[in-house]
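Printed here is my_file27.cif (mmCIF, C-alpha atoms and all ligand atoms):
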```cif
data_upload
loop_
_atom_site.group_PDB
_atom_site.id
_atom_site.type_symbol
_atom_site.label_atom_id
_atom_site.label_comp_id
_atom_site.auth_asym_id
_atom_site.auth_seq_id
_atom_site.Cartn_x
_atom_site.Cartn_y
_atom_site.Cartn_z
ATOM 1 C CA MET A 75 -6.790 -24.608 -10.427
ATOM 2 C CA GLN A 76 -6.711 -20.895 -11.177
ATOM 3 C CA ARG A 77 -6.219 -17.945 -8.829
ATOM 4 C CA PHE A 78 -7.719 -14.483 -9.280
ATOM 5 C CA ASP A 79 -6.708 -11.345 -7.370
ATOM 6 C CA VAL A 80 -9.430 -8.711 -7.666
ATOM 7 C CA CYS A 81 -8.892 -5.229 -6.248
ATOM 8 C CA ASN A 82 -9.562 -1.541 -6.566
ATOM 9 C CA GLY A 83 -6.799 0.106 -8.610
ATOM 10 C CA ASP A 84 -6.021 2.678 -5.912
ATOM 11 C CA ALA A 85 -3.190 2.498 -3.373
ATOM 12 C CA ASP A 86 -5.252 0.722 -0.707
ATOM 13 C CA GLY A 87 -6.426 -2.025 -3.076
ATOM 14 C CA LEU A 88 -3.054 -2.626 -4.733
ATOM 15 C CA CYS A 89 -1.095 -2.541 -1.452
ATOM 16 C CA ALA A 90 -3.450 -5.125 0.076
ATOM 17 C CA VAL A 91 -2.856 -7.579 -2.794
ATOM 18 C CA VAL A 92 0.899 -6.859 -2.798
ATOM 19 C CA GLN A 93 1.095 -7.871 0.887
ATOM 20 C CA TRP A 94 -0.908 -11.056 0.270
ATOM 21 C CA ARG A 95 1.191 -12.157 -2.727
ATOM 22 C CA LEU A 96 4.471 -11.390 -0.952
ATOM 23 C CA ALA A 97 3.272 -13.681 1.846
ATOM 24 C CA HIS A 98 1.758 -16.280 -0.532
ATOM 25 C CA PRO A 99 3.685 -16.188 -3.809
ATOM 26 C CA ALA A 100 1.699 -17.795 -6.658
ATOM 27 C CA GLU A 101 0.591 -17.087 -10.202
ATOM 28 C CA ALA A 102 -2.697 -15.197 -10.221
ATOM 29 C CA VAL A 103 -4.792 -13.284 -12.733
ATOM 30 C CA LEU A 104 -5.061 -9.659 -11.568
ATOM 31 C CA VAL A 105 -8.437 -7.974 -12.142
ATOM 32 C CA THR A 106 -8.352 -4.252 -11.338
ATOM 33 C CA GLY A 107 -9.250 -0.874 -12.833
ATOM 34 C CA LEU A 108 -9.901 2.802 -12.192
ATOM 35 C CA LYS A 109 -10.861 4.039 -8.739
ATOM 36 C CA ARG A 110 -14.469 4.514 -9.838
ATOM 37 C CA GLU A 111 -14.709 0.898 -11.084
ATOM 38 C CA ILE A 112 -16.144 -0.985 -8.117
ATOM 39 C CA ALA A 113 -18.192 -3.795 -9.670
ATOM 40 C CA LEU A 114 -15.182 -5.887 -10.727
ATOM 41 C CA LEU A 115 -16.099 -9.324 -9.347
ATOM 42 C CA GLN A 116 -18.500 -9.935 -12.226
ATOM 43 C CA GLN A 117 -15.478 -10.025 -14.558
ATOM 44 C CA VAL A 118 -14.036 -13.118 -12.888
ATOM 45 C CA GLN A 119 -14.534 -16.335 -14.856
ATOM 46 C CA ALA A 120 -13.764 -18.898 -12.148
ATOM 47 C CA THR A 121 -14.868 -22.501 -11.773
ATOM 48 C CA ALA A 122 -15.101 -25.038 -8.938
ATOM 49 C CA GLY A 123 -11.861 -25.302 -6.946
ATOM 50 C CA ASP A 124 -10.487 -21.943 -8.089
ATOM 51 C CA GLU A 125 -9.403 -19.331 -5.529
ATOM 52 C CA VAL A 126 -10.428 -15.684 -5.575
ATOM 53 C CA LEU A 127 -8.937 -12.924 -3.412
ATOM 54 C CA VAL A 128 -10.969 -9.680 -3.271
ATOM 55 C CA CYS A 129 -9.526 -6.485 -1.764
ATOM 56 C CA ASP A 130 -10.983 -3.028 -1.226
ATOM 57 C CA LEU A 131 -14.158 -3.479 -3.296
ATOM 58 C CA SER A 132 -17.523 -2.929 -1.602
ATOM 59 C CA MET A 133 -19.130 -6.331 -0.950
ATOM 60 C CA GLN A 134 -22.515 -4.616 -1.160
ATOM 61 C CA ARG A 135 -21.745 -3.705 -4.777
ATOM 62 C CA ASN A 136 -20.438 -7.198 -5.633
ATOM 63 C CA LEU A 137 -22.918 -9.420 -3.774
ATOM 64 C CA GLN A 138 -24.499 -11.058 -6.786
ATOM 65 C CA PRO A 139 -21.293 -12.315 -8.427
ATOM 66 C CA LEU A 140 -19.954 -13.237 -4.973
ATOM 67 C CA ARG A 141 -22.970 -15.460 -4.307
ATOM 68 C CA ALA A 142 -22.661 -16.991 -7.782
ATOM 69 C CA LEU A 143 -18.964 -17.823 -7.289
ATOM 70 C CA LEU A 144 -19.609 -19.396 -3.885
ATOM 71 C CA ALA A 145 -22.462 -21.461 -5.314
ATOM 72 C CA GLN A 146 -20.106 -22.759 -8.025
ATOM 73 C CA GLY A 147 -17.623 -24.047 -5.445
ATOM 74 C CA VAL A 148 -15.067 -21.232 -5.707
ATOM 75 C CA GLN A 149 -13.069 -20.362 -2.553
ATOM 76 C CA VAL A 150 -13.233 -16.630 -1.806
ATOM 77 C CA ARG A 151 -11.103 -14.555 0.580
ATOM 78 C CA TYR A 152 -12.591 -11.080 0.988
ATOM 79 C CA PHE A 153 -10.846 -8.106 2.669
ATOM 80 C CA ASP A 154 -12.680 -4.769 2.755
ATOM 81 C CA HIS A 155 -13.691 -1.731 4.833
ATOM 82 C CA HIS A 156 -16.788 -0.477 2.990
ATOM 83 C CA LYS A 157 -20.237 -0.776 4.519
ATOM 84 C CA VAL A 158 -22.168 -3.962 3.753
ATOM 85 C CA ASP A 159 -25.587 -4.863 5.153
ATOM 86 C CA ASP A 160 -25.230 -8.594 5.307
ATOM 87 C CA ILE A 161 -22.259 -10.857 4.694
ATOM 88 C CA PRO A 162 -23.209 -14.220 3.117
ATOM 89 C CA GLN A 163 -22.622 -17.163 5.452
ATOM 90 C CA HIS A 164 -20.859 -19.798 3.363
ATOM 91 C CA PRO A 165 -18.108 -22.284 4.240
ATOM 92 C CA ALA A 166 -16.141 -21.257 1.127
ATOM 93 C CA LEU A 167 -16.129 -17.547 2.106
ATOM 94 C CA GLN A 168 -13.463 -16.142 4.404
ATOM 95 C CA ALA A 169 -14.500 -12.538 5.087
ATOM 96 C CA HIS A 170 -12.309 -9.918 6.787
ATOM 97 C CA ILE A 171 -14.639 -6.938 6.850
ATOM 98 C CA ASP A 172 -14.371 -4.006 9.254
ATOM 99 C CA PHE A 173 -15.924 -0.563 8.716
ATOM 100 C CA ASP A 174 -14.119 1.176 11.552
ATOM 101 C CA PRO A 175 -13.139 4.555 10.009
ATOM 102 C CA ARG A 176 -9.598 4.085 11.359
ATOM 103 C CA VAL A 177 -8.893 1.056 9.163
ATOM 104 C CA CYS A 178 -8.532 0.491 5.457
ATOM 105 C CA THR A 179 -8.126 -2.737 3.483
ATOM 106 C CA SER A 180 -4.318 -2.615 3.569
ATOM 107 C CA LEU A 181 -4.427 -2.377 7.360
ATOM 108 C CA LEU A 182 -6.882 -5.303 7.560
ATOM 109 C CA MET A 183 -4.463 -7.346 5.455
ATOM 110 C CA ASP A 184 -1.596 -6.218 7.713
ATOM 111 C CA ARG A 185 -3.593 -7.402 10.738
ATOM 112 C CA HIS A 186 -4.223 -10.779 9.060
ATOM 113 C CA LEU A 187 -0.550 -11.232 8.129
ATOM 114 C CA GLY A 188 0.724 -10.183 11.558
ATOM 115 C CA GLY A 189 2.466 -7.066 10.249
ATOM 116 C CA ARG A 190 4.834 -8.941 7.909
ATOM 117 C CA PHE A 191 4.780 -6.302 5.151
ATOM 118 C CA ARG A 192 3.738 -3.351 7.239
ATOM 119 C CA ALA A 193 5.523 -0.703 5.172
ATOM 120 C CA TRP A 194 3.267 -1.623 2.221
ATOM 121 C CA ALA A 195 0.241 -1.435 4.534
ATOM 122 C CA LEU A 196 1.308 2.100 5.453
ATOM 123 C CA VAL A 197 1.502 3.100 1.768
ATOM 124 C CA GLY A 198 -2.102 1.897 1.344
ATOM 125 C CA ALA A 199 -3.248 3.709 4.495
ATOM 126 C CA TYR A 200 -1.609 6.982 3.442
ATOM 127 C CA GLY A 201 -3.262 6.576 0.037
ATOM 128 C CA ASP A 202 -6.670 6.210 1.704
ATOM 129 C CA ASN A 203 -6.029 9.447 3.632
ATOM 130 C CA LEU A 204 -5.534 7.730 7.030
ATOM 131 C CA THR A 205 -2.515 9.944 7.637
ATOM 132 C CA ALA A 206 -2.670 10.075 11.449
ATOM 133 C CA VAL A 207 -3.175 6.301 11.793
ATOM 134 C CA ALA A 208 -0.328 5.565 9.377
ATOM 135 C CA ASP A 209 2.023 8.072 11.034
ATOM 136 C CA ALA A 210 1.406 6.478 14.437
ATOM 137 C CA LEU A 211 2.079 2.953 13.115
ATOM 138 C CA ALA A 212 5.169 4.141 11.241
ATOM 139 C CA THR A 213 6.547 5.817 14.360
ATOM 140 C CA ASP A 214 5.888 2.598 16.344
ATOM 141 C CA MET A 215 7.983 0.614 13.898
ATOM 142 C CA GLY A 216 10.821 3.120 14.196
ATOM 143 C CA LEU A 217 10.560 4.829 10.802
ATOM 144 C CA ASP A 218 12.009 8.337 10.801
ATOM 145 C CA ALA A 219 10.177 11.432 9.566
ATOM 146 C CA ALA A 220 11.870 11.368 6.145
ATOM 147 C CA THR A 221 10.805 7.742 5.508
ATOM 148 C CA ARG A 222 7.269 8.450 6.705
ATOM 149 C CA ARG A 223 7.089 11.337 4.292
ATOM 150 C CA GLN A 224 8.372 9.172 1.409
ATOM 151 C CA LEU A 225 5.802 6.456 2.097
ATOM 152 C CA ARG A 226 3.067 9.069 2.333
ATOM 153 C CA LEU A 227 4.016 10.652 -0.997
ATOM 154 C CA LEU A 228 4.108 7.199 -2.612
ATOM 155 C CA GLY A 229 0.675 6.279 -1.222
ATOM 156 C CA GLU A 230 -0.859 9.551 -2.334
ATOM 157 C CA ALA A 231 0.760 9.273 -5.773
ATOM 158 C CA ILE A 232 -0.451 5.681 -6.352
ATOM 159 C CA ASN A 233 -3.898 6.728 -5.167
ATOM 160 C CA TYR A 234 -3.870 9.701 -7.531
ATOM 161 C CA ASN A 235 -3.020 7.425 -10.461
ATOM 162 C CA ALA A 236 -6.373 5.655 -10.035
ATOM 163 C CA TYR A 237 -8.404 8.754 -10.912
ATOM 164 C CA GLY A 238 -9.792 9.489 -14.360
ATOM 165 C CA GLU A 239 -12.762 8.579 -16.510
ATOM 166 C CA ALA A 240 -11.000 6.073 -18.752
ATOM 167 C CA PRO A 241 -7.747 4.058 -18.789
ATOM 168 C CA ALA A 242 -6.305 6.580 -21.285
ATOM 169 C CA ASP A 243 -6.366 9.209 -18.502
ATOM 170 C CA GLN A 244 -3.948 7.165 -16.378
ATOM 171 C CA HIS A 245 -0.167 7.607 -16.382
ATOM 172 C CA ILE A 246 0.339 3.857 -15.843
ATOM 173 C CA SER A 247 -2.203 1.041 -15.820
ATOM 174 C CA PRO A 248 -2.824 -0.427 -12.365
ATOM 175 C CA GLN A 249 -1.761 -3.844 -13.756
ATOM 176 C CA ARG A 250 1.698 -2.547 -14.715
ATOM 177 C CA LEU A 251 1.980 -0.569 -11.503
ATOM 178 C CA TYR A 252 1.155 -3.687 -9.481
ATOM 179 C CA ALA A 253 3.868 -5.645 -11.281
ATOM 180 C CA LEU A 254 6.451 -2.998 -10.296
ATOM 181 C CA MET A 255 5.242 -2.893 -6.690
ATOM 182 C CA GLN A 256 5.200 -6.669 -6.314
ATOM 183 C CA ARG A 257 8.914 -6.988 -7.103
ATOM 184 C CA HIS A 258 9.828 -5.243 -3.851
ATOM 185 C CA ALA A 259 9.300 -6.593 -0.337
ATOM 186 C CA GLN A 260 9.621 -3.001 0.899
ATOM 187 C CA PRO A 261 8.255 0.155 -0.737
ATOM 188 C CA GLN A 262 11.517 1.897 0.199
ATOM 189 C CA GLN A 263 13.235 -0.443 -2.306
ATOM 190 C CA LEU A 264 10.751 0.506 -5.013
ATOM 191 C CA LEU A 265 11.459 4.189 -4.371
ATOM 192 C CA ARG A 266 15.196 3.547 -4.605
ATOM 193 C CA ASP A 267 15.210 1.279 -7.670
ATOM 194 C CA GLU A 268 12.340 2.528 -9.853
ATOM 195 C CA ARG A 269 11.357 5.927 -11.166
ATOM 196 C CA ILE A 270 7.603 5.370 -11.003
ATOM 197 C CA GLY A 271 7.106 6.913 -7.532
ATOM 198 C CA ASP A 272 8.765 10.177 -8.565
ATOM 199 C CA GLU A 273 6.979 10.191 -11.933
ATOM 200 C CA LEU A 274 3.556 9.834 -10.359
ATOM 201 C CA ASP A 275 4.319 12.457 -7.721
ATOM 202 C CA ALA A 276 5.549 14.930 -10.355
ATOM 203 C CA LEU A 277 2.492 14.327 -12.538
ATOM 204 C CA ARG A 278 0.166 14.927 -9.622
ATOM 205 C CA HIS A 279 1.809 18.258 -8.838
ATOM 206 C CA ALA A 280 1.881 19.324 -12.492
ATOM 207 C CA ASP A 281 -1.863 18.591 -12.772
ATOM 208 C CA LEU A 282 -2.568 20.651 -9.679
ATOM 209 C CA GLN A 283 -0.492 23.571 -10.987
ATOM 210 C CA GLN A 284 -2.456 23.571 -14.254
ATOM 211 C CA ALA A 285 -5.704 23.543 -12.308
ATOM 212 C CA LEU A 286 -4.666 26.365 -9.983
ATOM 213 C CA ALA A 287 -3.829 28.486 -13.038
ATOM 214 C CA GLN A 288 -7.575 28.570 -13.852
ATOM 215 C CA PRO A 289 -9.563 31.509 -12.449
ATOM 216 C CA LEU A 290 -11.314 30.930 -9.116
ATOM 217 C CA HIS A 291 -14.632 32.814 -9.032
ATOM 218 C CA VAL A 292 -16.345 34.047 -5.873
ATOM 219 C CA LEU A 293 -20.134 33.731 -5.503
ATOM 220 C CA GLY A 294 -21.519 35.760 -2.610
ATOM 221 C CA ALA A 295 -20.106 35.276 0.864
ATOM 222 C CA ARG A 296 -20.020 31.489 1.043
ATOM 223 C CA ALA A 297 -19.070 29.883 -2.269
ATOM 224 C CA ARG A 298 -16.296 29.745 -4.855
ATOM 225 C CA TRP A 299 -16.172 27.851 -8.107
ATOM 226 C CA MET A 300 -13.782 26.961 -10.877
ATOM 227 C CA GLN A 301 -14.160 25.529 -14.367
ATOM 228 C CA LEU A 302 -11.782 23.020 -15.944
ATOM 229 C CA PRO A 303 -11.440 22.115 -19.617
ATOM 230 C CA ASP A 304 -12.107 18.727 -21.231
ATOM 231 C CA ALA A 305 -8.616 17.211 -20.780
ATOM 232 C CA PRO A 306 -7.048 14.119 -19.178
ATOM 233 C CA TRP A 307 -5.347 16.198 -16.458
ATOM 234 C CA SER A 308 -8.613 17.807 -15.440
ATOM 235 C CA ARG A 309 -10.361 14.412 -15.246
ATOM 236 C CA ARG A 310 -7.584 13.223 -12.920
ATOM 237 C CA VAL A 311 -7.444 16.328 -10.744
ATOM 238 C CA ILE A 312 -11.088 17.284 -10.190
ATOM 239 C CA GLY A 313 -11.767 15.360 -6.958
ATOM 240 C CA GLY A 314 -8.458 16.167 -5.269
ATOM 241 C CA LEU A 315 -8.664 19.807 -6.350
ATOM 242 C CA ALA A 316 -12.084 20.239 -4.728
ATOM 243 C CA ASN A 317 -10.663 18.815 -1.481
ATOM 244 C CA ASP A 318 -7.622 21.112 -1.606
ATOM 245 C CA LEU A 319 -9.756 24.200 -2.244
ATOM 246 C CA ALA A 320 -12.099 23.243 0.594
ATOM 247 C CA SER A 321 -9.186 22.846 3.029
ATOM 248 C CA ALA A 322 -7.629 26.156 1.974
ATOM 249 C CA GLU A 323 -10.805 28.157 2.700
ATOM 250 C CA PRO A 324 -12.890 26.304 5.326
ATOM 251 C CA GLY A 325 -15.599 28.951 5.473
ATOM 252 C CA MET A 326 -16.565 28.537 1.807
ATOM 253 C CA ALA A 327 -18.322 25.896 -0.293
ATOM 254 C CA HIS A 328 -16.453 24.925 -3.474
ATOM 255 C CA ALA A 329 -17.668 23.659 -6.809
ATOM 256 C CA VAL A 330 -15.408 22.441 -9.597
ATOM 257 C CA LEU A 331 -17.100 22.095 -13.008
ATOM 258 C CA GLN A 332 -15.221 20.044 -15.557
ATOM 259 C CA ASP A 333 -16.257 20.193 -19.209
ATOM 260 C CA ASP A 334 -17.202 16.593 -20.036
ATOM 261 C CA GLY A 335 -17.022 17.015 -23.809
ATOM 262 C CA ARG A 336 -20.653 15.840 -24.066
ATOM 263 C CA GLY A 337 -22.445 19.161 -23.694
ATOM 264 C CA GLY A 338 -22.166 19.413 -19.929
ATOM 265 C CA TYR A 339 -20.007 19.259 -16.856
ATOM 266 C CA VAL A 340 -18.901 16.758 -14.252
ATOM 267 C CA VAL A 341 -19.340 18.583 -10.942
ATOM 268 C CA SER A 342 -17.468 18.019 -7.702
ATOM 269 C CA LEU A 343 -18.956 19.935 -4.756
ATOM 270 C CA ARG A 344 -17.644 20.388 -1.199
ATOM 271 C CA ALA A 345 -19.660 22.008 1.595
ATOM 272 C CA PRO A 346 -17.705 24.479 3.761
ATOM 273 C CA LYS A 347 -15.428 22.497 6.081
ATOM 274 C CA ASN A 348 -16.720 24.465 9.079
ATOM 275 C CA ALA A 349 -20.364 23.623 8.174
ATOM 276 C CA PRO A 350 -19.963 20.229 6.476
ATOM 277 C CA GLY A 351 -23.531 19.482 5.448
ATOM 278 C CA GLY A 352 -25.898 19.979 2.544
ATOM 279 C CA ALA A 353 -23.652 19.041 -0.390
ATOM 280 C CA ASP A 354 -25.612 15.867 -1.183
ATOM 281 C CA ALA A 355 -28.999 17.607 -0.981
ATOM 282 C CA PHE A 356 -27.735 20.412 -3.220
ATOM 283 C CA CYS A 357 -26.425 18.008 -5.875
ATOM 284 C CA ARG A 358 -29.644 15.965 -5.813
ATOM 285 C CA ARG A 359 -31.486 19.049 -7.137
ATOM 286 C CA PHE A 360 -29.400 18.613 -10.297
ATOM 287 C CA GLY A 361 -29.575 14.829 -10.554
ATOM 288 C CA GLY A 362 -26.414 14.159 -8.537
ATOM 289 C CA GLY A 363 -25.719 12.762 -5.083
ATOM 290 C CA GLY A 364 -23.049 11.857 -2.569
ATOM 291 C CA ARG A 365 -22.315 12.522 1.081
ATOM 292 C CA ALA A 366 -23.148 15.483 3.343
ATOM 293 C CA GLY A 367 -19.729 17.104 2.980
ATOM 294 C CA ALA A 368 -18.682 15.928 -0.474
ATOM 295 C CA ALA A 369 -21.002 15.296 -3.407
ATOM 296 C CA GLY A 370 -21.117 15.483 -7.178
ATOM 297 C CA ILE A 371 -23.071 15.495 -10.412
ATOM 298 C CA ASP A 372 -22.131 13.175 -13.280
ATOM 299 C CA HIS A 373 -23.577 15.387 -16.007
ATOM 300 C CA LEU A 374 -24.833 18.947 -15.536
ATOM 301 C CA PRO A 375 -26.120 20.108 -18.937
ATOM 302 C CA LYS A 376 -24.472 23.359 -20.065
ATOM 303 C CA GLY A 377 -27.904 25.014 -20.131
ATOM 304 C CA ASP A 378 -28.262 24.398 -16.375
ATOM 305 C CA ARG A 379 -24.970 26.037 -15.421
ATOM 306 C CA GLU A 380 -26.387 29.516 -14.727
ATOM 307 C CA ARG A 381 -29.149 28.126 -12.495
ATOM 308 C CA PHE A 382 -26.578 25.936 -10.689
ATOM 309 C CA LEU A 383 -24.339 28.926 -9.991
ATOM 310 C CA ALA A 384 -27.239 31.195 -8.975
ATOM 311 C CA GLU A 385 -28.445 28.596 -6.453
ATOM 312 C CA LEU A 386 -24.893 27.880 -5.254
ATOM 313 C CA GLY A 387 -24.441 31.576 -4.415
ATOM 314 C CA VAL A 388 -27.390 31.554 -2.010
ATOM 315 C CA ALA A 389 -27.214 27.948 -0.730
ATOM 316 C CA ARG A 390 -27.296 27.200 2.999
ATOM 317 C CA TRP A 391 -24.786 24.736 4.417
ATOM 318 C CA GLY A 392 -24.516 22.670 7.578
ATOM 319 C CA ASP A 393 -27.376 20.693 9.072
HETATM 320 MN MN MN B 1 -9.838 1.645 0.661
#
```
I'd like the structure from this file rewritten - as structure tokens, please.
Amino acid sequence: MQRFDVCNGDADGLCAVVQWRLAHPAEAVLVTGLKREIALLQQVQATAGDEVLVCDLSMQRNLQPLRALLAQGVQVRYFDHHKVDDIPQHPALQAHIDFDPRVCTSLLMDRHLGGRFRAWALVGAYGDNLTAVADALATDMGLDAATRRQLRLLGEAINYNAYGEAPADQHISPQRLYALMQRHAQPQQLLRDERIGDELDALRHADLQQALAQPLHVLGARARWMQLPDAPWSRRVIGGLANDLASAEPGMAHAVLQDDGRGGYVVSLRAPKNAPGGADAFCRRFGGGGRAGAAGIDHLPKGDRERFLAELGVARWGD
């Protein structure tokens, strides 16, 4: 019998599996990847009687391989907080799915395990940006402000490590990172005994400094934009940078254009925080998509940049 642990390579995914394997120690094949790699279940080569744990990967995006595994007689435990239309009813599927915006997969695992490895759950929750929820839980368990801050930095740093277009953009592979995390029943021990937390935190800040050294251009009264070169640091930083710029100037929309090395740009767009609508519709005009407040374009040809900027300067935001 083989076991497979399948998870998103961000903090929430890794911290969910860490909690499970601390509670249920056993050899398992870890299948994980970059943050943008969601369809991971199709990589699992399991047969009847095998066990598969899935954490923090949209069931909607993995339905086909899930159904195939269940039909083959594989036991599946599924923990996730992304929207899914219909959960297959099958005796071999144990599903822990909740799309309440105040939970993440690490917190669902924490609920299932009765809070046994809660500090790891907090790291996952901080990584998924559930700062207020995590702070409240941390305070409840008696953690002081300095420890809360440490766990938050670790969660954000592990989350940051999952960004990038390719494994070569990552400071450490999620497989190696998981192995370091798994050795410690408490994340505080990892922070004390290993350098990886500090390394990831320092890298994240160095990336942001490089980005903020690029010129920030103003377009009319309501938009600003920045261009980043074709480099690993810019592929890691683009999403977080757009969020930081948006928070710093809530009255403005922000676009970050990153040279993709293929004759165009990857675009990350944020509507003004005080009128958080229209980003998805704007990006759709250029072949992109996303959510009302945060959207993007995978490839904006260089020849379309001037039109993009002209339209950005006069765009209307909000609903
Ligand atoms: Mn998550």
Residue neighbourhood Gln163 (chain A), 12 Å, all atoms listed in the file, exclusion window fewer than 6 positions, as a compact mmCIF listing (two decimals) with C-alpha atoms, in the coordinates of the input:
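Below you can see selection-v6.txt, which holds the result:
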```
# COMPACT_ATOMS: atom_id res chain seq x y z
CA LEU A 140 -19.95 -13.24 -4.97
CA ARG A 141 -22.97 -15.46 -4.31
CA LEU A 144 -19.61 -19.40 -3.88
CA ALA A 145 -22.46 -21.46 -5.31
CA VAL A 150 -13.23 -16.63 -1.81
CA ALA A 169 -14.50 -12.54 5.09
```
| request: Counting all atoms listed in the file, name the residues that have an atom within 8 Å of an atom of ligand MN 1 (chain B); the answer should be given as a list in words. | output: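 Residues satisfying the distance criterion: Asn82, Asp84, Ala85, Asp86, Gly87, Asp130, Leu131, Asp154, His155, His156, Cys178, Thr179, Ser180, Gly198, Ala199 and Asp202 of chain A.
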Could you list, as a PDB file with C-alpha atoms, in the frame of the given file, every residue within 6 Å of region 217-234 of chain A, counting only C-alpha atoms and ignoring same-chain residues fewer than 5 positions away?
```
ATOM      1  CA  ASP A  84      -6.021   2.678  -5.912  1.00  0.00           C
ATOM      2  CA  ALA A  85      -3.190   2.498  -3.373  1.00  0.00           C
ATOM      3  CA  VAL A 197       1.502   3.100   1.768  1.00  0.00           C
ATOM      4  CA  GLY A 198      -2.102   1.897   1.344  1.00  0.00           C
ATOM      5  CA  TYR A 200      -1.609   6.982   3.442  1.00  0.00           C
ATOM      6  CA  GLY A 201      -3.262   6.576   0.037  1.00  0.00           C
ATOM      7  CA  ALA A 212       5.169   4.141  11.241  1.00  0.00           C
ATOM      8  CA  GLY A 271       7.106   6.913  -7.532  1.00  0.00           C
ATOM      9  CA  LEU A 274       3.556   9.834 -10.359  1.00  0.00           C
ATOM     10  CA  ASP A 275       4.319  12.457  -7.721  1.00  0.00           C
TER      11      ASP A 275
END
```
With only C-alpha atoms as the counted atoms, please give the residues lying no more than 12 Å from Pro162 (chain A), apart from itself and same-chain residues fewer than 3 positions off, as an mmCIF file with C-alpha atoms, keeping the file's coordinate frame.
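Once everything was written out, this is result24.cif:
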```cif
data_model
loop_
_atom_site.group_PDB
_atom_site.id
_atom_site.type_symbol
_atom_site.label_atom_id
_atom_site.label_comp_id
_atom_site.auth_asym_id
_atom_site.auth_seq_id
_atom_site.Cartn_x
_atom_site.Cartn_y
_atom_site.Cartn_z
ATOM 1 C CA MET A 133 -19.130 -6.331 -0.950
ATOM 2 C CA GLN A 134 -22.515 -4.616 -1.160
ATOM 3 C CA ASN A 136 -20.438 -7.198 -5.633
ATOM 4 C CA LEU A 137 -22.918 -9.420 -3.774
ATOM 5 C CA GLN A 138 -24.499 -11.058 -6.786
ATOM 6 C CA PRO A 139 -21.293 -12.315 -8.427
ATOM 7 C CA LEU A 140 -19.954 -13.237 -4.973
ATOM 8 C CA ARG A 141 -22.970 -15.460 -4.307
ATOM 9 C CA ALA A 142 -22.661 -16.991 -7.782
ATOM 10 C CA LEU A 143 -18.964 -17.823 -7.289
ATOM 11 C CA LEU A 144 -19.609 -19.396 -3.885
ATOM 12 C CA ALA A 145 -22.462 -21.461 -5.314
ATOM 13 C CA VAL A 150 -13.233 -16.630 -1.806
ATOM 14 C CA TYR A 152 -12.591 -11.080 0.988
ATOM 15 C CA VAL A 158 -22.168 -3.962 3.753
ATOM 16 C CA ASP A 159 -25.587 -4.863 5.153
ATOM 17 C CA PRO A 165 -18.108 -22.284 4.240
ATOM 18 C CA ALA A 166 -16.141 -21.257 1.127
ATOM 19 C CA LEU A 167 -16.129 -17.547 2.106
ATOM 20 C CA GLN A 168 -13.463 -16.142 4.404
ATOM 21 C CA ALA A 169 -14.500 -12.538 5.087
ATOM 22 C CA ILE A 171 -14.639 -6.938 6.850
#
```
| task | Within 9 Å of Ala355 (chain A), counting only C-alpha atoms, which residues show up once you throw out same-chain ones fewer than 2 positions away? Write them as a VMD selection string, please. | result | chain A and resid 351 to 353 357 to 359 362 to 366 369
| field | Residue among A:Pro261, A:Pro303, A:Gly325, A:Gly370 lying closest to Phe191 (chain A), counting all atoms listed in the file | value | A:Pro261
| said: Applying the PyMOL selection byres (((chain A and resi 121-125) around 7) and not hetatm) to the file I just gave you, which residues come out? Please list them as a list in words. | reply: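 On the file shown, the PyMOL selection byres (((chain A and resi 121-125) around 7) and not hetatm) covers Met75, Gln76, Arg77, Phe78, Gln119, Ala120, Val126, Leu127, Gln146, Gly147, Val148, Gln149 and Val150 of chain A.
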Quick one: what's the axis-aligned box for region 142-145 of chain A, all listed atoms, 8 Å on every side, centre and edges in Å to one decimal, as JSON?
```
{"center_x": -20.8, "center_y": -19.2, "center_z": -5.8, "size_x": 19.7, "size_y": 20.5, "size_z": 19.9}
```
| task | For CA of Leu265 (chain A) and CA of Val105 (chain A), quote the distance in Å rounded to one decimal. | result |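 Going from CA of Leu265 (chain A) over to CA of Val105 (chain A) covers 24.6 Å.
Every residue that the PyMOL selection byres (((chain A and resi 347) around 9) and not hetatm) selects in this file is listed here: Ala320, Ser321, Glu323, Pro324, Gly325, Met326, Ala327, Arg344, Ala345, Pro346, Asn348, Ala349, Pro350, Gly351 and Gly367 of chain A.
In this structure, CA of Leu286 (chain A) sits 19.0 Å away from CA of Asn235 (chain A).
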| query | Could you name the residues that touch Gln284 (chain A) at 10 Å or less, counting only C-alpha atoms, but leaving out those on the same chain fewer than 5 positions away, as a PyMOL selection string? | reply | chain A and resi 279+302+307-308+311
| Selected residue of minimal separation from Gly314 (chain A) among A:Phe360, A:Leu383, A:Gln249, A:Ala236, counting only C-alpha atoms | A:Ala236
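For the pair CA of Ala276 (chain A) and CA of Leu196 (chain A), the interatomic distance is 20.8 Å.
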| Selected residue of minimal separation from Ala316 (chain A) among A:Ala287, A:Val91, A:Ala280, A:Ala368, counting all atoms listed in the file |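 Of all the options, A:Ala368 lies closest to Ala316 (chain A).
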